[in-house]
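Peer 1: Structure supplied as coords_17.txt; contents: compact mmCIF, C-alpha atoms.
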# COMPACT_ATOMS: atom_id res chain seq x y z
CA MET A 28 -16.94 5.09 -17.60
CA THR A 29 -19.10 5.28 -14.50
CA SER A 30 -19.35 8.20 -12.16
CA GLY A 31 -18.09 8.06 -8.60
CA ALA A 32 -21.69 8.33 -7.40
CA ARG A 33 -22.38 4.69 -8.26
CA VAL A 34 -19.64 3.35 -6.01
CA PRO A 35 -21.29 1.59 -3.06
CA LEU A 36 -20.87 3.25 0.31
CA ARG A 37 -19.39 0.04 1.71
CA LEU A 38 -16.54 0.30 -0.78
CA VAL A 39 -15.94 3.98 0.00
CA ILE A 40 -15.78 3.22 3.72
CA GLY A 41 -13.52 0.23 3.11
CA LEU A 42 -11.08 2.37 1.08
CA ALA A 43 -11.11 5.11 3.74
CA VAL A 44 -10.41 2.57 6.48
CA ALA A 45 -7.58 1.11 4.36
CA VAL A 46 -5.95 4.55 4.07
CA ALA A 47 -6.39 5.24 7.80
CA LEU A 48 -4.84 1.89 8.79
CA ASP A 49 -2.02 2.37 6.27
CA THR A 50 -1.24 5.75 7.81
CA ALA A 51 -1.31 4.42 11.37
CA LEU A 52 0.90 1.48 10.35
CA GLN A 53 3.50 3.75 8.75
CA LEU A 54 3.71 6.05 11.76
CA VAL A 55 3.77 3.22 14.33
CA TRP A 56 6.21 1.16 12.26
CA LYS A 57 8.53 4.16 11.98
CA THR A 58 8.49 4.53 15.76
CA GLY A 59 9.12 0.82 16.31
CA ILE A 60 12.02 0.58 13.89
CA ALA A 61 13.68 3.62 15.45
CA GLU A 62 13.60 1.87 18.84
CA LEU A 63 15.35 -1.27 17.61
CA PRO A 64 18.93 -1.80 18.78
CA ASP A 65 21.65 -1.04 16.26
CA THR A 66 22.73 -4.61 15.66
CA THR A 67 23.23 -6.88 12.67
CA SER A 68 22.36 -9.99 14.69
CA VAL A 69 19.05 -11.42 13.47
CA SER A 70 18.38 -13.23 16.76
CA GLU A 71 18.98 -10.06 18.80
CA LEU A 72 16.62 -8.19 16.47
CA LEU A 73 13.88 -10.83 16.80
CA VAL A 74 14.13 -10.72 20.59
CA ALA A 75 13.91 -6.92 20.53
CA VAL A 76 10.85 -7.07 18.25
CA ALA A 77 9.15 -9.68 20.46
CA ARG A 78 9.74 -7.53 23.57
CA ASN A 79 8.54 -4.27 22.05
CA PRO A 80 4.77 -3.73 22.53
CA ILE A 81 4.75 -1.45 19.51
CA PHE A 82 5.11 -4.47 17.27
CA ILE A 83 2.02 -6.07 18.84
CA LEU A 84 0.17 -2.92 17.77
CA VAL A 85 1.69 -3.31 14.31
CA ALA A 86 0.42 -6.92 14.16
CA VAL A 87 -3.09 -5.88 15.26
CA PHE A 88 -3.21 -3.11 12.63
CA MET A 89 -2.00 -5.53 9.97
CA GLY A 90 -4.68 -8.08 10.86
CA ALA A 91 -7.37 -5.42 10.67
CA GLN A 92 -5.87 -4.18 7.41
CA LEU A 93 -6.05 -7.67 5.87
CA VAL A 94 -9.69 -8.28 6.89
CA ASN A 95 -10.75 -4.85 5.58
CA TRP A 96 -8.73 -5.14 2.37
CA LEU A 97 -10.20 -8.55 1.47
CA LYS A 98 -13.68 -6.97 1.84
CA VAL A 99 -12.61 -4.11 -0.46
CA LEU A 100 -11.32 -6.57 -3.07
CA ASP A 101 -14.70 -8.35 -3.00
CA HIS A 102 -16.22 -5.13 -4.35
CA ALA A 103 -13.66 -3.80 -6.82
CA ASP A 104 -10.79 -4.56 -9.19
CA LEU A 105 -7.36 -4.64 -7.57
CA SER A 106 -6.14 -2.04 -10.10
CA TYR A 107 -9.05 0.19 -9.03
CA ALA A 108 -8.68 -0.20 -5.25
CA LYS A 109 -4.90 -0.13 -4.85
CA PRO A 110 -4.30 3.43 -6.16
CA PHE A 111 -6.58 4.83 -3.44
CA THR A 112 -4.08 3.71 -0.82
CA SER A 113 -1.67 6.34 -2.21
CA LEU A 114 -3.69 8.82 -0.17
CA SER A 115 -1.74 7.53 2.82
CA TYR A 116 1.29 9.40 1.41
CA VAL A 117 -0.78 12.56 1.76
CA THR A 118 -2.01 11.74 5.26
CA VAL A 119 1.46 10.72 6.50
CA CYS A 120 2.85 14.02 5.15
CA VAL A 121 0.09 16.07 6.76
CA LEU A 122 0.36 14.21 10.09
CA SER A 123 4.16 14.61 10.11
CA VAL A 124 3.56 18.36 9.96
CA LEU A 125 0.79 18.33 12.58
CA LEU A 126 2.25 15.76 15.01
CA LEU A 127 6.00 15.90 14.48
CA GLY A 128 6.20 19.58 13.64
CA GLU A 129 7.96 18.92 10.33
CA ARG A 130 7.86 21.73 7.80
CA VAL A 131 6.00 21.28 4.56
CA ALA A 132 7.78 22.42 1.38
CA PRO A 133 5.89 24.06 -1.53
CA LEU A 134 6.74 21.07 -3.78
CA GLN A 135 5.15 18.75 -1.25
CA ILE A 136 1.91 20.68 -1.51
CA VAL A 137 2.13 20.29 -5.31
CA GLY A 138 2.71 16.56 -4.73
CA ILE A 139 -0.37 16.30 -2.54
CA VAL A 140 -2.49 17.99 -5.23
CA VAL A 141 -1.06 15.69 -7.93
CA VAL A 142 -1.73 12.53 -5.87
CA VAL A 143 -5.30 13.62 -5.18
CA ALA A 144 -5.76 14.35 -8.91
CA GLY A 145 -4.42 10.87 -9.73
CA VAL A 146 -6.79 9.20 -7.29
CA TRP A 147 -9.66 11.25 -8.77
CA CYS A 148 -8.76 9.92 -12.27
CA VAL A 149 -8.83 6.34 -10.99
CA SER A 150 -12.13 6.96 -9.18
CA GLN A 151 -13.70 7.93 -12.52
CA THR A 152 -12.94 4.52 -14.06
CA ARG A 153 -15.10 1.40 -13.85
CA ARG A 154 -14.51 -0.24 -10.51
CA ALA A 155 -14.87 -3.84 -11.70
CA THR A 156 -14.10 -5.57 -15.01
CA LEU A 157 -16.47 -8.45 -14.15
CA PRO A 158 -19.35 -8.63 -11.67
CA THR A 159 -17.61 -8.88 -8.32
CA ALA A 160 -17.79 -11.80 -5.92
CA ALA A 161 -19.94 -9.68 -3.60
CA GLU A 162 -22.46 -9.04 -6.38
CA ALA A 163 -22.52 -12.65 -7.60
CA GLU A 164 -23.15 -13.98 -4.11
CA PRO A 165 -24.92 -11.33 -2.03
CA GLU A 166 -24.11 -11.66 1.66
CA MET B 25 27.43 -1.47 -3.58
CA SER B 26 26.86 1.31 -1.07
CA PRO B 27 24.49 0.67 1.85
CA THR B 28 22.08 3.23 0.39
CA ALA B 29 22.06 1.55 -3.04
CA PHE B 30 21.51 -1.82 -1.37
CA GLY B 31 18.61 -0.37 0.63
CA VAL B 32 17.05 1.07 -2.53
CA LEU B 33 17.40 -2.29 -4.27
CA LEU B 34 15.65 -4.03 -1.35
CA VAL B 35 12.76 -1.57 -1.52
CA VAL B 36 12.40 -1.99 -5.30
CA VAL B 37 12.34 -5.78 -4.97
CA SER B 38 9.79 -5.47 -2.15
CA THR B 39 7.45 -3.50 -4.46
CA MET B 40 7.57 -6.36 -6.99
CA VAL B 41 6.84 -8.84 -4.21
CA GLU B 42 3.92 -6.65 -3.10
CA GLY B 43 2.49 -6.79 -6.62
CA PHE B 44 2.35 -10.58 -6.49
CA GLY B 45 1.01 -10.65 -2.91
CA GLN B 46 -1.83 -8.29 -3.82
CA THR B 47 -2.61 -10.31 -6.94
CA PHE B 48 -2.95 -13.47 -4.83
CA LEU B 49 -5.25 -11.68 -2.36
CA LYS B 50 -7.47 -10.54 -5.22
CA LYS B 51 -7.46 -14.13 -6.54
CA SER B 52 -9.10 -15.17 -3.27
CA SER B 53 -12.11 -13.10 -4.29
CA LEU B 54 -12.24 -14.57 -7.81
CA ASP B 55 -11.57 -18.23 -7.02
CA ILE B 56 -13.97 -18.74 -4.10
CA GLU B 57 -13.43 -22.51 -3.88
CA ARG B 58 -9.76 -21.99 -3.06
CA ARG B 59 -10.28 -18.70 -1.22
CA ARG B 60 -8.38 -19.69 1.90
CA ARG B 61 -5.42 -21.02 -0.07
CA TRP B 62 -5.07 -17.77 -2.03
CA ILE B 63 -5.30 -15.68 1.14
CA LEU B 64 -2.59 -17.75 2.87
CA LEU B 65 -0.36 -17.51 -0.20
CA GLY B 66 -0.94 -13.75 -0.45
CA VAL B 67 -0.22 -13.19 3.23
CA ALA B 68 2.93 -15.33 3.06
CA VAL B 69 4.21 -13.31 0.11
CA LEU B 70 3.34 -10.00 1.80
CA MET B 71 5.27 -11.15 4.88
CA VAL B 72 8.31 -11.61 2.66
CA GLU B 73 7.73 -8.04 1.52
CA ILE B 74 7.67 -6.84 5.14
CA VAL B 75 10.97 -8.58 5.84
CA LEU B 76 12.55 -6.98 2.76
CA TYR B 77 11.17 -3.53 3.59
CA SER B 78 12.26 -3.75 7.24
CA ALA B 79 15.71 -4.80 6.12
CA ALA B 80 15.79 -1.81 3.77
CA LEU B 81 14.95 0.54 6.65
CA ARG B 82 18.22 -0.52 8.29
CA PHE B 83 20.01 1.14 5.36
CA LEU B 84 17.62 3.95 4.44
CA ALA B 85 15.61 6.63 6.19
CA VAL B 86 11.85 6.12 5.98
CA SER B 87 11.72 9.41 4.10
CA THR B 88 13.81 7.80 1.35
CA ALA B 89 12.28 4.31 1.45
CA PHE B 90 8.62 5.35 1.57
CA PRO B 91 8.55 7.19 -1.79
CA ILE B 92 10.18 4.28 -3.59
CA THR B 93 7.35 2.05 -2.43
CA SER B 94 5.12 4.05 -4.80
CA LEU B 95 6.52 1.80 -7.54
CA SER B 96 4.19 -0.83 -6.10
CA PHE B 97 1.26 1.07 -7.67
CA VAL B 98 2.77 0.42 -11.09
CA MET B 99 3.59 -3.21 -10.25
CA VAL B 100 0.07 -3.88 -8.96
CA THR B 101 -1.51 -2.26 -12.03
CA LEU B 102 0.68 -4.26 -14.43
CA LEU B 103 0.02 -7.56 -12.65
CA SER B 104 -3.72 -6.81 -12.39
CA ARG B 105 -3.69 -6.43 -16.16
CA TRP B 106 -1.53 -9.47 -16.91
CA LEU B 107 -2.51 -12.03 -14.27
CA LEU B 108 -6.07 -10.97 -13.40
CA ALA B 109 -7.11 -9.73 -16.89
CA GLU B 110 -8.52 -6.53 -15.40
CA GLU B 111 -9.41 -3.72 -17.80
CA VAL B 112 -7.08 -0.83 -17.10
CA ALA B 113 -8.58 2.19 -18.85
CA PRO B 114 -6.23 4.95 -20.08
CA LEU B 115 -7.64 7.26 -17.41
CA ARG B 116 -6.67 4.74 -14.72
CA TRP B 117 -3.12 4.58 -16.11
CA ALA B 118 -3.05 8.39 -16.10
CA GLY B 119 -4.10 8.29 -12.45
CA VAL B 120 -1.35 5.82 -11.58
CA GLY B 121 1.16 8.05 -13.39
CA LEU B 122 0.02 11.13 -11.47
CA ILE B 123 0.22 9.16 -8.22
CA LEU B 124 3.81 8.13 -9.01
CA VAL B 125 4.81 11.74 -9.70
CA GLY B 126 2.87 13.14 -6.75
CA THR B 127 4.19 10.69 -4.19
CA SER B 128 7.75 11.32 -5.43
CA LEU B 129 7.28 15.07 -5.00
CA ILE B 130 5.92 14.57 -1.49
CA VAL B 131 8.91 12.57 -0.38
CA ALA B 132 11.69 14.17 -2.40
CA GLN B 133 11.41 17.13 -0.04
CA ALA B 134 11.06 15.16 3.18
So that I can check it, write out the structure of this file as C-alpha cells.
Peer 2:
Amino acid sequence: MTSGARVPLRLVIGLAVAVALDTALQLVWKTGIAELPDTTSVSELLVAVARNPIFILVAVFMGAQLVNWLKVLDHADLSYAKPFTSLSYVTVCVLSVLLLGERVAPLQIVGIVVVVAGVWCVSQTRRATLPTAAEAEPE
Amino acid sequence: MSPTAFGVLLVVVSTMVEGFGQTFLKKSSLDIERRRRWILLGVAVLMVEIVLYSAALRFLAVSTAFPITSLSFVMVTLLSRWLLAEEVAPLRWAGVGLILVGTSLIVAQA
C-alpha cells in the first residue's frame, strides 16, 4: 500500500480535470436535453441536436475529456482512476444547490461524506499493478 | 414494462457498456502498438453508451438516471480485474462500495 503522497502531481491534476469536465458535461447535458422537442421521431431529434449550440459545447467537453482521460490512464490503473470520477456526484450536488438553488437534504450531506471516504480508500491503494506506459517510455 | 422501468433498464445496460468502453481505452495504454485501434474501439463503445443514456433521459429525470450510473464504478472495477488483470485490493473494493452507497444517498433525495 502506498501513500497518496507518492502519486505524481500530473496524475492528481488529470483526475481533478476529469472531475471538473464530468461536472460541466452533466450540467450542460442536462440543459441541452431539457431543450429538446418532445418528439419520438429520431430524425427530428437529430436535427434539433445539430441546431442546438449547447451540443457543440458538449462535443468540445467530451473531446477534452477523452484527451485528458487517456493521459490519466497512462499513469494509473483503470480501477484506481475511475472511482475518483465519483466526486462529480458531489460537485453536481453542490453546484445544484449553489447555481439552481436546490435544497440539500441531510442524507445528501451523509452521501457526500461517504463518497469522499470511498475515494480516500481508493487513493490509499497502489495506483498501478504494473509499471505504467508513461513510466516505461518517459515522454 | 412501464416507461420508468424501461428507462432504468437502459441506464443499467449503459453502465455495462461503459465498463467495456473504459476497458478498451485503458488497453490503448497497455498495447501501444495498437493504441489508435483501442482508442477508436473505446470511443465507439462509449458513443453507444451515450445513445443509451440519452434515450433513458427521455423516460427518466436526470435525478433518477444519474445515481444509477454509479453502477458503472462496479462494472469498471470488475472488468479491470477480469480483462486487464489489475490488482484490486480489498481497500479499493471497500472504496467502490462506499462510493456506490454515497452516490445513491446523494441522489435518492434529489
Peer 1: Taking all atoms listed in the file into account, which of B:Leu129, B:Ile123, B:Val67, B:Met99 comes nearest Gln92 of chain A?
Peer 2: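 Distance minimum relative to Gln92 of chain A lands on B:Val67.
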Peer 1: Hey, can you check how far atom CA of Thr127 of chain B sits from atom CA of Ala43 of chain A?
Peer 2: 18.1 Å
Peer 1: Select, from B:Ala89, B:Leu102, B:Val32, B:Val125, the residue with the minimum atom-to-atom distance to Lys109 of chain A, counting only C-alpha atoms.
Peer 2: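 Distance minimum relative to Lys109 of chain A lands on B:Leu102.
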Peer 1: Go through A:Leu97, A:Ile81, A:Val143, A:Val149 one by one, measure the shortest atom-to-atom distance of each to Pro110 of chain A using all atoms listed in the file, and give the residue with the smallest value.
Peer 2: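 Comparing A:Leu97, A:Ile81, A:Val143, A:Val149 against Pro110 of chain A, the winner is A:Val149.
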Peer 1: Taking only C-alpha atoms into account, report as a ChimeraX atom specification which residues of chain A lie within 8 Å of chain B.
Peer 2: /A:57,60,97,100-101,104-107,109-110,113,116-117,120,132,134-149,151-152,155-156,159-160
Peer 1: I'd like the neighbourhood of Val76 of chain A as number ranges by chain, where a residue qualifies if any of its atoms comes within 9 Å (using all atoms listed in the file), though same-chain residues fewer than 5 positions away should be ignored.
Peer 2: A: 59-60, 63, 71, 81-83
Peer 1: Write out as a ChimeraX atom specification which residues come within 10 Å of Ala47 of chain A when counting only C-alpha atoms, dropping same-chain ones fewer than 2 positions away.
Peer 2: /A:41-45,49-52,92,112,114-115,118-119
Peer 1: Quick one: write out the picked residues with C-alpha atoms as a PDB file, in the frame of the given file?
Peer 2:
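Just written: result-v5.pdb:
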ATOM      1  CA  GLY A  41     -13.520   0.230   3.110  1.00  0.00           C
ATOM      2  CA  LEU A  42     -11.080   2.370   1.080  1.00  0.00           C
ATOM      3  CA  ALA A  43     -11.110   5.110   3.740  1.00  0.00           C
ATOM      4  CA  VAL A  44     -10.410   2.570   6.480  1.00  0.00           C
ATOM      5  CA  ALA A  45      -7.580   1.110   4.360  1.00  0.00           C
ATOM      6  CA  ASP A  49      -2.020   2.370   6.270  1.00  0.00           C
ATOM      7  CA  THR A  50      -1.240   5.750   7.810  1.00  0.00           C
ATOM      8  CA  ALA A  51      -1.310   4.420  11.370  1.00  0.00           C
ATOM      9  CA  LEU A  52       0.900   1.480  10.350  1.00  0.00           C
ATOM     10  CA  GLN A  92      -5.870  -4.180   7.410  1.00  0.00           C
ATOM     11  CA  THR A 112      -4.080   3.710  -0.820  1.00  0.00           C
ATOM     12  CA  LEU A 114      -3.690   8.820  -0.170  1.00  0.00           C
ATOM     13  CA  SER A 115      -1.740   7.530   2.820  1.00  0.00           C
ATOM     14  CA  THR A 118      -2.010  11.740   5.260  1.00  0.00           C
ATOM     15  CA  VAL A 119       1.460  10.720   6.500  1.00  0.00           C
TER      16      VAL A 119
END
Peer 1: What is the distance, in Å and to one decimal place, between atom CA of Ala61 of chain A and atom CA of Gly45 of chain B?
Peer 2: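 For atom CA of Ala61 of chain A relative to atom CA of Gly45 of chain B, the distance reads 26.5 Å.
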Peer 1: Using only C-alpha atoms, which residue out of B:Leu65, B:Leu107, B:Ile92, B:Ala80 lies closest to Thr28 of chain B?
Peer 2: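 Selected residue with least distance to Thr28 of chain B: B:Ala80.
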Peer 1: For a test of reading the model, state the distance in Å between atom CA of Ser150 of chain A and atom CA of Val94 of chain A, rounded to one decimal.
Peer 2: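 Those two atoms sit 22.3 Å apart.
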Peer 1: What's the 6 Å shell around Pro27 of chain B, counting all atoms listed in the file, without same-chain residues fewer than 2 positions away, as a short mmCIF file (atom, residue, chain, number, x, y, z; two decimals) with C-alpha atoms, in the coordinates of the input?
Peer 2:
data_model
loop_
_atom_site.label_atom_id
_atom_site.label_comp_id
_atom_site.auth_asym_id
_atom_site.auth_seq_id
_atom_site.Cartn_x
_atom_site.Cartn_y
_atom_site.Cartn_z
CA ALA B 29 22.06 1.55 -3.04
CA PHE B 30 21.51 -1.82 -1.37
CA PHE B 83 20.01 1.14 5.36
#
Peer 1: Please provide as an NGL selection string all residues within 8 Å of Leu34 of chain B, with the sequence filter that same-chain residues fewer than 2 positions apart are discarded (counting only C-alpha atoms).
Peer 2: :B and (30-32 or 36-38 or 76-77 or 79-80)
Peer 1: Give, as lines of an AutoDock Vina configuration file, the centre coordinates and the x, y and z edge lengths in Å to one decimal for an axis-aligned box around all listed atoms of segment 70-73 of chain B, padded by 8 Å on each side.
Peer 2:
center_x = 5.8
center_y = -9.8
center_z = 3.2
size_x = 21.0
size_y = 19.6
size_z = 19.4
Peer 1: Can you patch up segment 52-83 of chain A, filling it in to N, CA and C atoms, and show the result as a tab-separated table (two decimals), keeping the file's coordinate frame?
Peer 2:
chain	number	residue	atom	x	y	z
A	52	LEU	N	-0.18	2.47	10.44
A	52	LEU	CA	0.90	1.48	10.35
A	52	LEU	C	2.24	2.14	10.07
A	53	GLN	N	2.25	3.07	9.10
A	53	GLN	CA	3.50	3.75	8.75
A	53	GLN	C	4.09	4.49	9.94
A	54	LEU	N	3.23	5.24	10.64
A	54	LEU	CA	3.71	6.05	11.76
A	54	LEU	C	4.18	5.18	12.91
A	55	VAL	N	3.41	4.10	13.22
A	55	VAL	CA	3.77	3.22	14.33
A	55	VAL	C	5.02	2.41	13.98
A	56	TRP	N	5.07	1.95	12.75
A	56	TRP	CA	6.21	1.16	12.26
A	56	TRP	C	7.49	1.98	12.36
A	57	LYS	N	7.39	3.24	11.94
A	57	LYS	CA	8.53	4.16	11.98
A	57	LYS	C	9.05	4.28	13.40
A	58	THR	N	8.12	4.42	14.35
A	58	THR	CA	8.49	4.53	15.76
A	58	THR	C	9.18	3.25	16.24
A	59	GLY	N	8.59	2.10	15.87
A	59	GLY	CA	9.12	0.82	16.31
A	59	GLY	C	10.50	0.55	15.78
A	60	ILE	N	10.71	0.82	14.51
A	60	ILE	CA	12.02	0.58	13.89
A	60	ILE	C	13.09	1.46	14.54
A	61	ALA	N	12.72	2.69	14.85
A	61	ALA	CA	13.68	3.62	15.45
A	61	ALA	C	14.14	3.14	16.83
A	62	GLU	N	13.27	2.34	17.49
A	62	GLU	CA	13.60	1.87	18.84
A	62	GLU	C	14.42	0.59	18.84
A	63	LEU	N	14.59	-0.01	17.66
A	63	LEU	CA	15.35	-1.27	17.61
A	63	LEU	C	16.83	-1.01	17.87
A	64	PRO	N	17.50	-1.98	18.53
A	64	PRO	CA	18.93	-1.80	18.78
A	64	PRO	C	19.71	-1.80	17.47
A	65	ASP	N	20.81	-1.11	17.47
A	65	ASP	CA	21.65	-1.04	16.26
A	65	ASP	C	22.54	-2.27	16.21
A	66	THR	N	21.97	-3.37	15.71
A	66	THR	CA	22.73	-4.61	15.66
A	66	THR	C	22.48	-5.32	14.34
A	67	THR	N	23.42	-6.12	13.90
A	67	THR	CA	23.23	-6.88	12.67
A	67	THR	C	22.82	-8.31	12.98
A	68	SER	N	22.73	-8.63	14.29
A	68	SER	CA	22.36	-9.99	14.69
A	68	SER	C	20.85	-10.19	14.54
A	69	VAL	N	20.48	-11.16	13.71
A	69	VAL	CA	19.05	-11.42	13.47
A	69	VAL	C	18.36	-11.86	14.75
A	70	SER	N	19.02	-12.73	15.54
A	70	SER	CA	18.38	-13.23	16.76
A	70	SER	C	18.15	-12.09	17.76
A	71	GLU	N	19.14	-11.21	17.89
A	71	GLU	CA	18.98	-10.06	18.80
A	71	GLU	C	17.81	-9.18	18.35
A	72	LEU	N	17.70	-9.01	17.03
A	72	LEU	CA	16.62	-8.19	16.47
A	72	LEU	C	15.26	-8.82	16.78
A	73	LEU	N	15.16	-10.14	16.57
A	73	LEU	CA	13.88	-10.83	16.80
A	73	LEU	C	13.46	-10.71	18.26
A	74	VAL	N	14.44	-10.84	19.17
A	74	VAL	CA	14.13	-10.72	20.59
A	74	VAL	C	13.63	-9.30	20.89
A	75	ALA	N	14.31	-8.31	20.31
A	75	ALA	CA	13.91	-6.92	20.53
A	75	ALA	C	12.51	-6.66	20.01
A	76	VAL	N	12.20	-7.25	18.83
A	76	VAL	CA	10.85	-7.07	18.25
A	76	VAL	C	9.80	-7.71	19.15
A	77	ALA	N	10.11	-8.95	19.63
A	77	ALA	CA	9.15	-9.68	20.46
A	77	ALA	C	8.88	-8.93	21.77
A	78	ARG	N	9.88	-8.21	22.28
A	78	ARG	CA	9.74	-7.53	23.57
A	78	ARG	C	9.12	-6.15	23.44
A	79	ASN	N	9.04	-5.62	22.23
A	79	ASN	CA	8.54	-4.27	22.05
A	79	ASN	C	7.03	-4.27	21.77
A	80	PRO	N	6.23	-3.70	22.71
A	80	PRO	CA	4.77	-3.73	22.53
A	80	PRO	C	4.31	-3.03	21.25
A	81	ILE	N	5.14	-2.15	20.73
A	81	ILE	CA	4.75	-1.45	19.51
A	81	ILE	C	4.51	-2.43	18.37
A	82	PHE	N	5.27	-3.52	18.36
A	82	PHE	CA	5.11	-4.47	17.27
A	82	PHE	C	3.86	-5.34	17.41
A	83	ILE	N	3.32	-5.42	18.66
A	83	ILE	CA	2.02	-6.07	18.84
A	83	ILE	C	0.95	-5.20	18.18
